[in-house]
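Asks: Dropping in work24.pdb, with PDB, C-alpha atoms and all ligand atoms.
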ATOM      1  CA  MET A   1     -35.643 140.367 156.047  1.00  0.00           C
ATOM      2  CA  ALA A   2     -36.346 139.667 152.413  1.00  0.00           C
ATOM      3  CA  ASN A   3     -36.167 135.950 151.886  1.00  0.00           C
ATOM      4  CA  LYS A   4     -35.754 135.816 148.210  1.00  0.00           C
ATOM      5  CA  LEU A   5     -35.722 132.387 146.678  1.00  0.00           C
ATOM      6  CA  ILE A   6     -32.447 132.815 144.999  1.00  0.00           C
ATOM      7  CA  GLN A   7     -30.142 129.972 144.256  1.00  0.00           C
ATOM      8  CA  ARG A   8     -26.548 130.349 145.264  1.00  0.00           C
ATOM      9  CA  ALA A   9     -25.090 130.629 141.768  1.00  0.00           C
ATOM     10  CA  GLU A  10     -27.656 133.216 140.870  1.00  0.00           C
ATOM     11  CA  ALA A  11     -27.004 135.166 144.020  1.00  0.00           C
ATOM     12  CA  ILE A  12     -23.271 135.101 143.438  1.00  0.00           C
ATOM     13  CA  GLU A  13     -23.854 136.288 139.907  1.00  0.00           C
ATOM     14  CA  LYS A  14     -25.949 139.113 141.201  1.00  0.00           C
ATOM     15  CA  GLY A  15     -23.292 139.966 143.756  1.00  0.00           C
ATOM     16  CA  GLU A  16     -25.480 139.166 146.760  1.00  0.00           C
ATOM     17  CA  ARG A  17     -23.933 138.217 150.068  1.00  0.00           C
ATOM     18  CA  THR A  18     -26.586 135.659 150.871  1.00  0.00           C
ATOM     19  CA  TYR A  19     -28.962 133.386 149.058  1.00  0.00           C
ATOM     20  CA  PHE A  20     -32.060 131.513 150.051  1.00  0.00           C
ATOM     21  CA  THR A  21     -32.957 127.964 149.193  1.00  0.00           C
ATOM     22  CA  GLY A  22     -36.238 127.690 151.053  1.00  0.00           C
ATOM     23  CA  LYS A  23     -34.876 124.667 152.896  1.00  0.00           C
ATOM     24  CA  ALA A  24     -34.115 124.635 156.574  1.00  0.00           C
ATOM     25  CA  CYS A  25     -30.552 123.969 157.675  1.00  0.00           C
ATOM     26  CA  LEU A  26     -29.570 120.952 159.745  1.00  0.00           C
ATOM     27  CA  ARG A  27     -30.339 122.900 162.893  1.00  0.00           C
ATOM     28  CA  GLY A  28     -33.715 123.920 161.597  1.00  0.00           C
ATOM     29  CA  HIS A  29     -33.017 127.523 160.619  1.00  0.00           C
ATOM     30  CA  LEU A  30     -35.142 128.686 157.755  1.00  0.00           C
ATOM     31  CA  THR A  31     -32.813 131.544 156.994  1.00  0.00           C
ATOM     32  CA  GLU A  32     -30.555 132.702 154.224  1.00  0.00           C
ATOM     33  CA  ARG A  33     -27.170 131.210 153.607  1.00  0.00           C
ATOM     34  CA  TYR A  34     -23.914 132.898 152.890  1.00  0.00           C
ATOM     35  CA  CYS A  35     -22.862 132.846 149.289  1.00  0.00           C
ATOM     36  CA  SER A  36     -19.215 132.582 150.226  1.00  0.00           C
ATOM     37  CA  THR A  37     -19.387 129.571 152.507  1.00  0.00           C
ATOM     38  CA  GLY A  38     -22.887 128.174 152.090  1.00  0.00           C
ATOM     39  CA  GLY A  39     -23.154 128.461 155.837  1.00  0.00           C
ATOM     40  CA  CYS A  40     -26.477 129.132 157.475  1.00  0.00           C
ATOM     41  CA  VAL A  41     -27.023 132.699 158.575  1.00  0.00           C
ATOM     42  CA  GLY A  42     -29.138 131.493 161.491  1.00  0.00           C
ATOM     43  CA  CYS A  43     -26.367 129.198 162.688  1.00  0.00           C
ATOM     44  CA  GLU A  44     -23.860 131.988 162.392  1.00  0.00           C
ATOM     45  CA  ARG A  45     -26.107 134.251 164.422  1.00  0.00           C
ATOM     46  CA  ALA A  46     -26.562 131.590 167.097  1.00  0.00           C
ATOM     47  CA  ARG A  47     -22.821 131.090 167.227  1.00  0.00           C
ATOM     48  CA  SER A  48     -22.124 134.778 167.703  1.00  0.00           C
ATOM     49  CA  ARG A  49     -24.888 134.954 170.262  1.00  0.00           C
ATOM     50  CA  SER A  50     -23.313 132.118 172.245  1.00  0.00           C
ATOM     51  CA  ALA A  51     -20.502 134.514 173.093  1.00  0.00           C
ATOM     52  CA  THR A  52     -22.921 135.844 175.671  1.00  0.00           C
ATOM     53  CA  PRO A  53     -23.335 133.412 178.546  1.00  0.00           C
ATOM     54  CA  LEU A  54     -25.597 130.507 177.737  1.00  0.00           C
ATOM     55  CA  PRO A  55     -28.236 129.483 180.240  1.00  0.00           C
ATOM     56  CA  LYS A  56     -26.349 127.903 183.097  1.00  0.00           C
ATOM     57  CA  VAL A  57     -26.298 124.165 183.256  1.00  0.00           C
ATOM     58  CA  PHE A  58     -25.146 122.869 186.599  1.00  0.00           C
ATOM     59  CA  THR A  59     -22.955 119.841 186.789  1.00  0.00           C
ATOM     60  CA  PRO A  60     -23.866 117.178 189.365  1.00  0.00           C
ATOM     61  CA  ARG A  61     -20.997 118.433 191.467  1.00  0.00           C
ATOM     62  CA  GLN A  62     -22.182 122.027 191.386  1.00  0.00           C
ATOM     63  CA  ILE A  63     -25.625 120.847 192.429  1.00  0.00           C
ATOM     64  CA  ALA A  64     -24.055 118.842 195.259  1.00  0.00           C
ATOM     65  CA  ILE A  65     -22.154 121.919 196.393  1.00  0.00           C
ATOM     66  CA  LYS A  66     -25.347 123.959 196.268  1.00  0.00           C
ATOM     67  CA  GLU A  67     -27.282 121.389 198.244  1.00  0.00           C
ATOM     68  CA  LYS A  68     -24.332 120.693 200.520  1.00  0.00           C
ATOM     69  CA  HIS A  69     -24.091 117.024 199.781  1.00  0.00           C
ATOM     70  CA  LYS A  70     -20.817 115.376 200.632  1.00  0.00           C
ATOM     71  CA  THR A  71     -20.900 113.182 197.543  1.00  0.00           C
ATOM     72  CA  TYR A  72     -22.439 113.256 194.114  1.00  0.00           C
ATOM     73  CA  LEU A  73     -22.755 110.926 191.186  1.00  0.00           C
ATOM     74  CA  GLY A  74     -20.099 111.940 188.711  1.00  0.00           C
ATOM     75  CA  HIS A  75     -18.420 110.104 185.905  1.00  0.00           C
ATOM     76  CA  VAL A  76     -17.194 106.567 186.416  1.00  0.00           C
ATOM     77  CA  CYS A  77     -13.519 106.420 187.338  1.00  0.00           C
ATOM     78  CA  GLU A  78     -10.801 104.449 185.592  1.00  0.00           C
ATOM     79  CA  PHE A  79     -11.445 101.481 187.897  1.00  0.00           C
ATOM     80  CA  ASN A  80     -15.071 101.393 186.830  1.00  0.00           C
ATOM     81  CA  HIS A  81     -16.416 102.258 190.251  1.00  0.00           C
ATOM     82  CA  SER A  82     -19.954 103.464 190.868  1.00  0.00           C
ATOM     83  CA  GLY A  83     -19.141 107.072 190.047  1.00  0.00           C
ATOM     84  CA  LYS A  84     -19.790 108.264 193.561  1.00  0.00           C
ATOM     85  CA  ARG A  85     -17.464 111.153 194.130  1.00  0.00           C
ATOM     86  CA  PHE A  86     -16.594 113.570 196.876  1.00  0.00           C
ATOM     87  CA  THR A  87     -18.029 117.009 196.356  1.00  0.00           C
ATOM     88  CA  THR A  88     -14.966 118.730 197.726  1.00  0.00           C
ATOM     89  CA  SER A  89     -12.307 117.014 195.659  1.00  0.00           C
ATOM     90  CA  SER A  90     -14.372 115.256 192.962  1.00  0.00           C
ATOM     91  CA  ALA A  91     -12.291 112.197 193.806  1.00  0.00           C
ATOM     92  CA  CYS A  92     -13.823 108.740 193.478  1.00  0.00           C
ATOM     93  CA  VAL A  93     -15.166 107.607 196.842  1.00  0.00           C
ATOM     94  CA  GLU A  94     -14.277 103.968 196.311  1.00  0.00           C
ATOM     95  CA  CYS A  95     -10.800 104.755 195.046  1.00  0.00           C
ATOM     96  CA  ASN A  96     -10.296 106.891 198.089  1.00  0.00           C
ATOM     97  CA  SER A  97     -11.399 104.153 200.489  1.00  0.00           C
ATOM     98  CA  THR A  98      -9.130 101.579 198.870  1.00  0.00           C
ATOM     99  CA  LYS A  99      -6.293 104.054 199.076  1.00  0.00           C
ATOM    100  CA  ARG A 100      -7.058 104.523 202.740  1.00  0.00           C
ATOM    101  CA  LYS A 101      -7.119 100.779 203.319  1.00  0.00           C
ATOM    102  CA  LYS A 102      -3.752 100.528 201.677  1.00  0.00           C
ATOM    103  CA  ALA A 103      -2.489 103.303 203.846  1.00  0.00           C
ATOM    104  CA  ARG A 104      -3.813 101.525 206.903  1.00  0.00           C
ATOM    105  CA  ASN A 105      -2.128  98.285 205.940  1.00  0.00           C
ATOM    106  CA  PHE A 106       1.064 100.036 205.240  1.00  0.00           C
ATOM    107  CA  THR A 107       3.320  99.767 208.230  1.00  0.00           C
ATOM    108  CA  PRO A 108       6.108 102.242 208.125  1.00  0.00           C
ATOM    109  CA  LYS A 109       9.579 100.930 208.733  1.00  0.00           C
ATOM    110  CA  LYS A 110      10.523 101.269 212.301  1.00  0.00           C
ATOM    111  CA  ARG A 111      12.973 103.985 212.775  1.00  0.00           C
ATOM    112  CA  VAL A 112      16.239 102.721 213.972  1.00  0.00           C
ATOM    113  CA  VAL A 113      16.823 104.738 217.028  1.00  0.00           C
ATOM    114  CA  LYS A 114      20.316 104.465 218.248  1.00  0.00           C
ATOM    115  CA  LYS A 115      20.229 104.096 221.946  1.00  0.00           C
ATOM    116  CA  ARG A 116      22.350 106.577 223.589  1.00  0.00           C
ATOM    117  CA  ILE A 117      24.641 104.946 225.970  1.00  0.00           C
ATOM    118  CA  PRO A 118      24.289 106.871 229.144  1.00  0.00           C
ATOM    119  CA  LYS A 119      27.535 108.200 230.266  1.00  0.00           C
ATOM    120  CA  VAL A 120      28.480 106.589 233.485  1.00  0.00           C
ATOM    121  CA  LYS A 121      30.438 108.619 235.806  1.00  0.00           C
ATOM    122  CA  VAL A 122      33.841 107.187 236.053  1.00  0.00           C
ATOM    123  CA  ASN A 123      33.760 105.215 239.185  1.00  0.00           C
ATOM    124  CA  LYS A 124      37.085 103.913 240.262  1.00  0.00           C
ATOM    125  CA  GLU A 125      35.599 101.199 242.375  1.00  0.00           C
ATOM    126  CA  VAL A 126      33.517  99.912 239.522  1.00  0.00           C
ATOM    127  CA  ILE A 127      36.521  99.896 237.227  1.00  0.00           C
ATOM    128  CA  ILE A 128      38.637  98.089 239.766  1.00  0.00           C
ATOM    129  CA  LYS A 129      35.846  95.598 240.268  1.00  0.00           C
ATOM    130  CA  GLN A 130      35.553  95.061 236.542  1.00  0.00           C
ATOM    131  CA  GLU A 131      39.278  94.671 236.169  1.00  0.00           C
ATOM    132  CA  LYS A 132      39.382  92.219 239.025  1.00  0.00           C
ATOM    133  CA  GLN A 133      36.592  90.264 237.409  1.00  0.00           C
ATOM    134  CA  LYS A 134      38.563  90.189 234.190  1.00  0.00           C
ATOM    135  CA  VAL A 135      41.598  88.945 235.998  1.00  0.00           C
ATOM    136  CA  GLU A 136      39.495  86.386 237.830  1.00  0.00           C
ATOM    137  CA  SER A 137      37.919  85.123 234.675  1.00  0.00           C
ATOM    138  CA  PHE A 138      41.294  85.015 233.031  1.00  0.00           C
ATOM    139  CA  LYS A 139      42.659  83.074 235.917  1.00  0.00           C
ATOM    140  CA  GLU A 140      39.651  80.816 235.757  1.00  0.00           C
ATOM    141  CA  MET A 141      40.244  80.233 232.095  1.00  0.00           C
ATOM    142  CA  ALA A 142      43.933  79.612 232.604  1.00  0.00           C
ATOM    143  CA  LYS A 143      43.140  77.206 235.359  1.00  0.00           C
ATOM    144  CA  ARG A 144      40.733  75.319 233.148  1.00  0.00           C
ATOM    145  CA  ILE A 145      43.249  75.129 230.370  1.00  0.00           C
ATOM    146  CA  TYR A 146      45.852  73.929 232.839  1.00  0.00           C
ATOM    147  CA  GLU A 147      43.503  71.293 234.195  1.00  0.00           C
ATOM    148  CA  ARG A 148      42.636  70.152 230.715  1.00  0.00           C
ATOM    149  CA  ASP A 149      46.280  69.904 229.833  1.00  0.00           C
ATOM    150  CA  GLN A 150      46.840  67.887 232.986  1.00  0.00           C
ATOM    151  CA  GLN A 151      44.180  65.450 231.965  1.00  0.00           C
ATOM    152  CA  TRP A 152      45.909  64.741 228.691  1.00  0.00           C
TER     153      TRP A 152
HETATM  154 ZN    ZN A 201     -28.728 127.064 160.790  1.00  0.00          ZN
HETATM  155 ZN    ZN A 202     -12.734 104.697 191.631  1.00  0.00          ZN
END
Could you render the structure from this file as structure tokens?
Replies:
Amino acid sequence: MANKLIQRAEAIEKGERTYFTGKACLRGHLTERYCSTGGCVGCERARSRSATPLPKVFTPRQIAIKEKHKTYLGHVCEFNHSGKRFTTSSACVECNSTKRKKARNFTPKKRVVKKRIPKVKVNKEVIIKQEKQKVESFKEMAKRIYERDQQW
């Protein structure tokens, strides 16, 4: 790689694709830069290289899965809890427990179960008895009314 100390304008004039300033780029590459964009060749190379998998960085959750922990310390939830999360669902532990408490306190409406009226076999005697009772009570009532009227 011939790092010629050529300024951009000069390089463009000469029809070169790259130029070299002798200064490192922001990322510390001491490489040539593209005449067209002024972009660092080193950066461009790194970018194209990143298409191949980068060294794996495990998230706290992945580590927890690996080490078979039930919980891990993830990001703080919207309720600003400790950040303790379940490995399986990545759900906030505290949110989950408050949800559970709510669920426990929640009493479902009692189902209105209509009692089935058991069918009674038609029993003549019972019916007669009932009818008699009705008549008796009617008589009783009539008697009372009569007595009341007598008192007046
Ligand atoms: Zn660079
Ligand atoms: Zn939470």
Asks: Please, what is the axis-aligned box for every listed atom of segment 95-104 of chain A with 6 Å on each side, as centre and edge lengths in Å to one decimal, as JSON?
Replies:
{"center_x": -6.9, "center_y": 103.7, "center_z": 201.0, "size_x": 20.9, "size_y": 18.4, "size_z": 23.9}
Asks: Can you list what the PyMOL selection byres (((not hetatm)) within 9 of (chain A and resi 202)) grabs from this structure, as a ChimeraX atom specification?
Replies: /A:76-85,91-98
Asks: Within 7 Å of ligand ZN 201 (chain A), counting all atoms listed in the file: which residues, as number ranges by chain?
Replies: A: 25-29, 40-43
Asks: Rank nothing, just name the residue among A:Ala46, A:Leu5, A:Ile127, A:Ala103 nearest to Lys23 of chain A, using all atoms listed in the file.
Replies: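 So, comparing all the options, the nearest one is A:Leu5.
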Asks: Tell me, as a ChimeraX atom specification, which residues lie within 7 Å of segment 68-70 of chain A, counting all atoms listed in the file; anything in the same chain fewer than 3 positions away does not count.
Replies: /A:64-65,86-87
Asks: Calculate how many Å separate atom CA of Ser48 of chain A from atom CA of Thr31 of chain A, rounding to one decimal.
Replies: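 One can read the atom CA of Ser48 of chain A to atom CA of Thr31 of chain A distance as 15.5 Å.
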Asks: Please measure the separation of atom CA of Ile12 of chain A and atom CA of Ser36 of chain A, giving the value in Å to one decimal.
Replies: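 So the two atoms, atom CA of Ile12 of chain A and atom CA of Ser36 of chain A, lie 8.3 Å apart.
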Asks: In Å, rounded to a single decimal, give me how far atom CA of Lys134 of chain A is from atom CA of Asp149 of chain A.
Replies: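 Computing the Euclidean distance for atom CA of Asp149 of chain A and atom CA of Lys134 of chain A yields 22.1 Å.
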Asks: Within 12 Å of (-26.2, 132.5, 142.9) (coordinates as in the file), grab all the protein and nucleic acid residues, counting all atoms listed in the file, and write them out as number ranges by chain.
Replies: A: 4-21, 33-36, 38
Asks: Report as a PyMOL selection string all protein, DNA and RNA residues lying within 12 Å of Thr59 of chain A, evaluated on all atoms listed in the file, omitting residues in the same chain fewer than 2 positions from it.
Replies: chain A and resi 56-57+61-66+72-75+87+90
